[in-house]
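**Q** To start, I am sharing the structure in question, which I have written as structure tokens.
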There are 2 protein chains.
Amino acid sequence: MLSKTCEYALRAMIYVAQHSREGEMINIKEIAAKINSPELFIGKILQGLSKKGFLLSSKGRYGGFYIDDKAARNSLADIVIAIDGDKVFKGCGLGLDYCSSKNPCPVHHEYKKVRDEMYKVYRETKLSKFRAENCTGAVLKRI
Amino acid sequence: MLSKTCEYALRAMIYVAQHSREGEMINIKEIAAKINSPELFIGKILQGLSKKGFLLSSKGRYGGFYIDDKAARNSLADIVIAIDGDKVFKGCGLGLDYCSSKNPCPVHHEYKKVRDEMYKVYRETKLSKFRAENCTGAVLKRI
DNA sequence: ATATAATAGGATAAATTTGTCTGAATTAAA
DNA sequence: TTTAATTCAGACAAATTTATCCTATTATAT
């Protein structure tokens with residue numbers, strides 16, 4: 001389970017990827033409205049991701065956020081890890097710090113298998129999949 | 001990802017199941033020490049689970065907690081749902097409320113598949129698996 | 001130049017989760 | 001019957017996460 005912050009971030013990044021077109025920035029007001037999130041909060045989140053290089057931003061009138069080809073190479077897993085850390089993809093199913101193949105908790109083997117697949121789902125979903133040229137227009141909020 | 005409360009609960013319940021023997025109660029101090037959790041906090045958690053019928057308790061000297069055959073029929077998934085709700089097993093990978101097969105988010109199909117397997121892992125791990133007669137003595141904390 | 005509209009940054013506030021304290025009730029042993 | 005050891009209950013406190021406010025900075029159009 002991802003944090004709310006992380007869920008907002010994924011939706012926002014997908015939305016920005018879907019709508020990034022040459023010479024157009026997408027602003028926070030629009031993003032917040034389209035992904036069902038508090039405007040100021042998603043602003044903060046994207047500012048943080050922008051600092052880390054996950055998307056471009058520009059201030060001033062007609063400013064906003066943008067995901068270019070390079071930034072679109074990031075996967076959803078990269079974003080999750082940047083925000084929530086890797087516990088969801090690497091951690092123990094019972095929350096034990098030391099749990100591992102050599103020192104497994106009572107559910108380690110079964111859990112690890114599925115956890116690895118979960119990682120794969122997020123890792124293999126790249127932002128490029130959502131970019132304008134490929135985009136099928138998946139909606140990120142109830143209409 | 002489970003809440004910390006839930007992780008403590010699972011570890012505690014497994015520990016109690018492992019050590020439940022006829023006419024012996026396991027007390028909170030022992031449980032907390034063995035699963036690496038704050039004593040008063042896991043106390044509260046088990047009191048809640050006990051109210052909901054997930055384990056038996058008895059007050060007074062030599063009192064404590066106990067899991068009998070009937071309570072041992074519960075799975076780890078039952079406990080997770082009792083504490084964290086079913087979002088982890090039923091929710092959307094991007095946190096959307098309305099997401100479903102008919103109205104899928106951009107990762108719904110891949111995510112759902114793995115999420116269902118995750119549910120299965122917790123659902124098919126029953127407390128009875130850990131009861132004294134079957135117990136292989138899996139340790140729930142670093143020694 | 002000026003007005004306008006956007007992000008950036010830092011402080012703050014609200015809500016939730018996690019953890020603690022205190023005393024009451026209960027049980028069994030001595 | 002007294003004492004000791006336990007869970008139970010409710011209030012409280014601390015920490016973390018989520019969300020907002022205010023001002024500064026920046027960029028564009030007019």
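Letters A, B, ... go to the chains of the structure tokens in the order shown; residues in each chain start at 1; ligands are counted from 1 in the same order.
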Within 6 Å of chain A, which residues of chain D are there when counting only C-alpha atoms (C1' of nucleotides)? Please give them as a ChimeraX atom specification.

**A** /D:26-28

**Q** Using only C-alpha atoms, I'd like a table of the residues in stretch 13-124 of chain A that come within 12 Å of stretch 67-85 of chain B; for each, show the closest atom pair and its distance in Å rounded to one decimal, ordered by chain and ascending number, as a Markdown table.

**A**
```
| residue | atom | partner | partner_atom | distance |
| --- | --- | --- | --- | --- |
| A:Gly93 | CA | B:Leu76 | CA | 10.6 |
| A:Leu94 | CA | B:Leu76 | CA | 10.0 |
| A:Pro106 | CA | B:Leu76 | CA | 11.3 |
| A:Val107 | CA | B:Leu76 | CA | 10.0 |
```

**Q** Could you tell me how far atom CA of B:Phe89 lies from atom CA of B:Met118, in Å and to one decimal?

**A**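 That distance, rounded to one decimal, is 7.2 Å.
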
**Q** Which residue gives the smallest distance to B:Ala32 among B:Leu127, B:Val16, B:Val88, B:Val114, with only C-alpha atoms counted?

**A**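 Looking only at the distances to B:Ala32, the closest residue turns out to be B:Val16.
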
**Q** Counting only C-alpha atoms, a student should be able to say which residues of chain B come within 7 Å of chain A; what is the right answer, written as a ChimeraX atom specification?

**A** /B:1-2,7,10-11,88,94-95,98,105-106,110-111,114,117-118,121,138,140,142

**Q** Using only C-alpha atoms (C1' of nucleotides), select each residue of chain C with any atom at most 12 Å away from an atom of chain B, and give the selection as an MDAnalysis selection string.

**A** chainID C and resid 16:21 25:29

**Q** Please report, as a ChimeraX atom specification, each residue of stretch 10-123 of chain A to which DSSP assigns helix (DSSP H, G or I) when run on this structure's backbone.

**A** /A:10-19,28-35,39-51,71-73,76-84,87-90,108-123

**Q** Hey, could you lay chain B over chain A with a least-squares C-alpha fit (all atoms, paired in order) and save it as a PDB file with C-alpha atoms, in the first residue's frame?

**A**
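Final output, saved to selection_35.pdb:
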```pdb
ATOM      1  CA  MET B   1      -0.040   0.009  -0.010  1.00  0.00           C
ATOM      2  CA  LEU B   2       1.297   3.342  -1.056  1.00  0.00           C
ATOM      3  CA  SER B   3       1.030   6.538   0.957  1.00  0.00           C
ATOM      4  CA  LYS B   4      -1.551   9.052  -0.160  1.00  0.00           C
ATOM      5  CA  THR B   5       1.256  11.377  -1.165  1.00  0.00           C
ATOM      6  CA  CYS B   6       2.611   8.677  -3.420  1.00  0.00           C
ATOM      7  CA  GLU B   7      -0.751   7.901  -4.984  1.00  0.00           C
ATOM      8  CA  TYR B   8      -1.265  11.572  -5.800  1.00  0.00           C
ATOM      9  CA  ALA B   9       2.236  11.712  -7.226  1.00  0.00           C
ATOM     10  CA  LEU B  10       1.686   8.749  -9.546  1.00  0.00           C
ATOM     11  CA  ARG B  11      -1.611  10.102 -10.820  1.00  0.00           C
ATOM     12  CA  ALA B  12      -0.143  13.555 -11.337  1.00  0.00           C
ATOM     13  CA  MET B  13       2.900  12.247 -13.150  1.00  0.00           C
ATOM     14  CA  ILE B  14       0.771  10.096 -15.433  1.00  0.00           C
ATOM     15  CA  TYR B  15      -1.470  13.074 -16.147  1.00  0.00           C
ATOM     16  CA  VAL B  16       1.476  15.329 -16.938  1.00  0.00           C
ATOM     17  CA  ALA B  17       3.024  12.658 -19.152  1.00  0.00           C
ATOM     18  CA  GLN B  18      -0.260  12.270 -21.020  1.00  0.00           C
ATOM     19  CA  HIS B  19      -0.562  15.993 -21.647  1.00  0.00           C
ATOM     20  CA  SER B  20       3.009  17.084 -22.219  1.00  0.00           C
ATOM     21  CA  ARG B  21       3.238  18.628 -25.645  1.00  0.00           C
ATOM     22  CA  GLU B  22       5.994  20.706 -27.184  1.00  0.00           C
ATOM     23  CA  GLY B  23       5.996  24.231 -25.735  1.00  0.00           C
ATOM     24  CA  GLU B  24       3.113  23.772 -23.332  1.00  0.00           C
ATOM     25  CA  MET B  25       3.322  23.587 -19.574  1.00  0.00           C
ATOM     26  CA  ILE B  26       0.605  22.020 -17.445  1.00  0.00           C
ATOM     27  CA  ASN B  27      -0.280  23.950 -14.330  1.00  0.00           C
ATOM     28  CA  ILE B  28      -1.076  22.702 -10.853  1.00  0.00           C
ATOM     29  CA  LYS B  29      -4.649  23.884 -10.850  1.00  0.00           C
ATOM     30  CA  GLU B  30      -5.429  21.761 -13.879  1.00  0.00           C
ATOM     31  CA  ILE B  31      -3.534  18.750 -12.545  1.00  0.00           C
ATOM     32  CA  ALA B  32      -5.245  18.881  -9.153  1.00  0.00           C
ATOM     33  CA  ALA B  33      -8.663  19.125 -10.758  1.00  0.00           C
ATOM     34  CA  LYS B  34      -8.015  16.202 -13.076  1.00  0.00           C
ATOM     35  CA  ILE B  35      -6.573  13.774 -10.553  1.00  0.00           C
ATOM     36  CA  ASN B  36      -8.768  14.594  -7.561  1.00  0.00           C
ATOM     37  CA  SER B  37      -6.174  15.957  -5.183  1.00  0.00           C
ATOM     38  CA  PRO B  38      -5.729  19.055  -3.018  1.00  0.00           C
ATOM     39  CA  GLU B  39      -4.146  21.700  -5.196  1.00  0.00           C
ATOM     40  CA  LEU B  40      -1.534  23.070  -2.812  1.00  0.00           C
ATOM     41  CA  PHE B  41      -0.555  19.609  -1.706  1.00  0.00           C
ATOM     42  CA  ILE B  42       0.077  18.181  -5.143  1.00  0.00           C
ATOM     43  CA  GLY B  43       1.960  21.401  -5.839  1.00  0.00           C
ATOM     44  CA  LYS B  44       4.355  20.629  -3.030  1.00  0.00           C
ATOM     45  CA  ILE B  45       4.731  17.058  -4.157  1.00  0.00           C
ATOM     46  CA  LEU B  46       5.540  17.977  -7.746  1.00  0.00           C
ATOM     47  CA  GLN B  47       7.970  20.664  -6.612  1.00  0.00           C
ATOM     48  CA  GLY B  48       9.827  17.964  -4.717  1.00  0.00           C
ATOM     49  CA  LEU B  49       9.845  15.595  -7.672  1.00  0.00           C
ATOM     50  CA  SER B  50      10.948  18.407  -9.924  1.00  0.00           C
ATOM     51  CA  LYS B  51      13.928  19.098  -7.657  1.00  0.00           C
ATOM     52  CA  LYS B  52      14.899  15.458  -7.979  1.00  0.00           C
ATOM     53  CA  GLY B  53      14.659  15.644 -11.760  1.00  0.00           C
ATOM     54  CA  PHE B  54      11.509  13.592 -12.309  1.00  0.00           C
ATOM     55  CA  LEU B  55       9.886  16.408 -14.265  1.00  0.00           C
ATOM     56  CA  LEU B  56      10.613  19.903 -15.540  1.00  0.00           C
ATOM     57  CA  SER B  57       8.989  23.024 -14.231  1.00  0.00           C
ATOM     58  CA  SER B  58       8.842  26.659 -15.165  1.00  0.00           C
ATOM     59  CA  LYS B  59       7.718  29.584 -13.083  1.00  0.00           C
ATOM     60  CA  GLY B  60       5.769  32.617 -14.136  1.00  0.00           C
ATOM     61  CA  ARG B  61       2.794  33.152 -16.353  1.00  0.00           C
ATOM     62  CA  TYR B  62       2.007  30.181 -18.554  1.00  0.00           C
ATOM     63  CA  GLY B  63       4.411  28.227 -16.405  1.00  0.00           C
ATOM     64  CA  GLY B  64       3.784  24.742 -15.085  1.00  0.00           C
ATOM     65  CA  PHE B  65       5.156  21.235 -15.308  1.00  0.00           C
ATOM     66  CA  TYR B  66       6.359  19.131 -18.174  1.00  0.00           C
ATOM     67  CA  ILE B  67       7.740  15.658 -18.800  1.00  0.00           C
ATOM     68  CA  ASP B  68      10.143  15.342 -21.709  1.00  0.00           C
ATOM     69  CA  ASP B  69      11.464  12.222 -23.405  1.00  0.00           C
ATOM     70  CA  LYS B  70      14.235  11.809 -20.902  1.00  0.00           C
ATOM     71  CA  ALA B  71      12.019  12.190 -17.826  1.00  0.00           C
ATOM     72  CA  ALA B  72       9.511   9.824 -19.415  1.00  0.00           C
ATOM     73  CA  ARG B  73      12.056   7.045 -19.121  1.00  0.00           C
ATOM     74  CA  ASN B  74      11.298   6.844 -15.428  1.00  0.00           C
ATOM     75  CA  SER B  75       8.961   4.109 -14.269  1.00  0.00           C
ATOM     76  CA  LEU B  76       6.207   4.312 -11.689  1.00  0.00           C
ATOM     77  CA  ALA B  77       8.513   2.299  -9.414  1.00  0.00           C
ATOM     78  CA  ASP B  78      11.124   5.065  -9.586  1.00  0.00           C
ATOM     79  CA  ILE B  79       8.549   7.548  -8.357  1.00  0.00           C
ATOM     80  CA  VAL B  80       7.271   5.261  -5.616  1.00  0.00           C
ATOM     81  CA  ILE B  81      10.795   4.733  -4.331  1.00  0.00           C
ATOM     82  CA  ALA B  82      11.545   8.456  -4.475  1.00  0.00           C
ATOM     83  CA  ILE B  83       8.557   9.171  -2.243  1.00  0.00           C
ATOM     84  CA  ASP B  84       7.828   6.140  -0.077  1.00  0.00           C
ATOM     85  CA  GLY B  85      11.171   4.398  -0.193  1.00  0.00           C
ATOM     86  CA  ASP B  86      11.587   0.790  -1.262  1.00  0.00           C
ATOM     87  CA  LYS B  87       9.935  -0.944   1.669  1.00  0.00           C
ATOM     88  CA  VAL B  88       6.891  -1.792  -0.417  1.00  0.00           C
ATOM     89  CA  PHE B  89       9.095  -3.560  -2.987  1.00  0.00           C
ATOM     90  CA  LYS B  90      11.794  -4.916  -0.708  1.00  0.00           C
ATOM     91  CA  GLY B  91      10.339  -5.141   2.799  1.00  0.00           C
ATOM     92  CA  CYS B  92       9.111  -8.071   4.862  1.00  0.00           C
ATOM     93  CA  GLY B  93       5.455  -9.130   4.847  1.00  0.00           C
ATOM     94  CA  LEU B  94       5.389  -8.962   8.637  1.00  0.00           C
ATOM     95  CA  GLY B  95       7.483  -5.810   8.934  1.00  0.00           C
ATOM     96  CA  LEU B  96      10.640  -7.486  10.196  1.00  0.00           C
ATOM     97  CA  ASP B  97      13.837  -5.602   9.440  1.00  0.00           C
ATOM     98  CA  TYR B  98      16.175  -8.542   9.177  1.00  0.00           C
ATOM     99  CA  CYS B  99      13.941 -10.900   7.160  1.00  0.00           C
ATOM    100  CA  SER B 100      15.630 -12.379   4.100  1.00  0.00           C
ATOM    101  CA  SER B 101      16.005 -15.609   2.177  1.00  0.00           C
ATOM    102  CA  LYS B 102      18.673 -16.716   4.616  1.00  0.00           C
ATOM    103  CA  ASN B 103      16.683 -15.622   7.636  1.00  0.00           C
ATOM    104  CA  PRO B 104      13.074 -15.876   6.497  1.00  0.00           C
ATOM    105  CA  CYS B 105      10.001 -14.885   8.452  1.00  0.00           C
ATOM    106  CA  PRO B 106       7.114 -17.362   8.461  1.00  0.00           C
ATOM    107  CA  VAL B 107       5.672 -16.032   5.198  1.00  0.00           C
ATOM    108  CA  HIS B 108       8.864 -14.914   3.475  1.00  0.00           C
ATOM    109  CA  HIS B 109       8.994 -17.274   0.524  1.00  0.00           C
ATOM    110  CA  GLU B 110       5.415 -16.903  -0.631  1.00  0.00           C
ATOM    111  CA  TYR B 111       5.389 -13.190   0.086  1.00  0.00           C
ATOM    112  CA  LYS B 112       8.638 -12.423  -1.691  1.00  0.00           C
ATOM    113  CA  LYS B 113       7.452 -14.073  -4.872  1.00  0.00           C
ATOM    114  CA  VAL B 114       4.385 -11.850  -5.094  1.00  0.00           C
ATOM    115  CA  ARG B 115       6.187  -8.761  -3.875  1.00  0.00           C
ATOM    116  CA  ASP B 116       8.687  -9.168  -6.699  1.00  0.00           C
ATOM    117  CA  GLU B 117       5.862  -9.362  -9.204  1.00  0.00           C
ATOM    118  CA  MET B 118       4.354  -6.228  -7.723  1.00  0.00           C
ATOM    119  CA  TYR B 119       7.671  -4.479  -8.156  1.00  0.00           C
ATOM    120  CA  LYS B 120       7.699  -5.629 -11.764  1.00  0.00           C
ATOM    121  CA  VAL B 121       4.261  -4.150 -12.429  1.00  0.00           C
ATOM    122  CA  TYR B 122       5.382  -0.703 -11.305  1.00  0.00           C
ATOM    123  CA  ARG B 123       8.861  -1.028 -12.779  1.00  0.00           C
ATOM    124  CA  GLU B 124       7.656  -2.005 -16.218  1.00  0.00           C
ATOM    125  CA  THR B 125       5.114   0.793 -16.393  1.00  0.00           C
ATOM    126  CA  LYS B 126       7.139   3.681 -17.706  1.00  0.00           C
ATOM    127  CA  LEU B 127       5.852   7.218 -18.074  1.00  0.00           C
ATOM    128  CA  SER B 128       6.628   7.035 -21.791  1.00  0.00           C
ATOM    129  CA  LYS B 129       3.706   4.645 -22.064  1.00  0.00           C
ATOM    130  CA  PHE B 130       1.398   7.575 -21.294  1.00  0.00           C
ATOM    131  CA  ARG B 131       2.966  10.255 -23.444  1.00  0.00           C
ATOM    132  CA  ALA B 132       0.780  12.070 -25.921  1.00  0.00           C
ATOM    133  CA  GLU B 133       1.845  10.047 -28.945  1.00  0.00           C
ATOM    134  CA  ASN B 134       0.875   6.734 -27.293  1.00  0.00           C
ATOM    135  CA  CYS B 135      -1.797   7.947 -25.013  1.00  0.00           C
ATOM    136  CA  THR B 136      -5.178   6.277 -25.118  1.00  0.00           C
ATOM    137  CA  GLY B 137      -6.580   8.918 -22.812  1.00  0.00           C
ATOM    138  CA  ALA B 138      -6.979   6.907 -19.642  1.00  0.00           C
ATOM    139  CA  VAL B 139      -8.895   8.981 -17.162  1.00  0.00           C
ATOM    140  CA  LEU B 140      -7.516   9.473 -13.679  1.00  0.00           C
ATOM    141  CA  LYS B 141     -10.631  10.632 -11.928  1.00  0.00           C
ATOM    142  CA  ARG B 142     -14.323   9.978 -12.054  1.00  0.00           C
ATOM    143  CA  ILE B 143     -15.868  12.112 -14.769  1.00  0.00           C
TER     144      ILE B 143
END
```

**Q** Skip D:DC21 itself and residues of its chain fewer than 5 positions away, then list as a short mmCIF file (atom, residue, chain, number, x, y, z; two decimals) with C-alpha atoms (C1' of nucleotides), in the first residue's frame all residues within 10 Å of it, counting only C-alpha atoms (C1' of nucleotides).

**A**
```cif
data_model
loop_
_atom_site.label_atom_id
_atom_site.label_comp_id
_atom_site.auth_asym_id
_atom_site.auth_seq_id
_atom_site.Cartn_x
_atom_site.Cartn_y
_atom_site.Cartn_z
CA LEU A 40 -1.56 23.06 -2.81
"C1'" DA C 11 6.14 28.19 8.26
"C1'" DT C 12 2.13 26.51 10.15
"C1'" DA C 13 -2.07 23.78 10.95
#
```

**Q** How many Å separate atom C1' of D:DA29 from atom C1' of C:DA8?

**A**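 Atom-to-atom, atom C1' of D:DA29 to atom C1' of C:DA8, that is 22.1 Å.
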
**Q** Enumerate as a PyMOL selection string all residues of chain B assigned to strand (DSSP E or B) by DSSP on the backbone, naming them with the chain letters and numbers the document uses.

**A** chain B and resi 26+56-58+64-66+75+126

**Q** Could you tell me how far atom C1' of D:DT25 lies from atom C1' of C:DA14, in Å and to one decimal?

**A** 28.2 Å
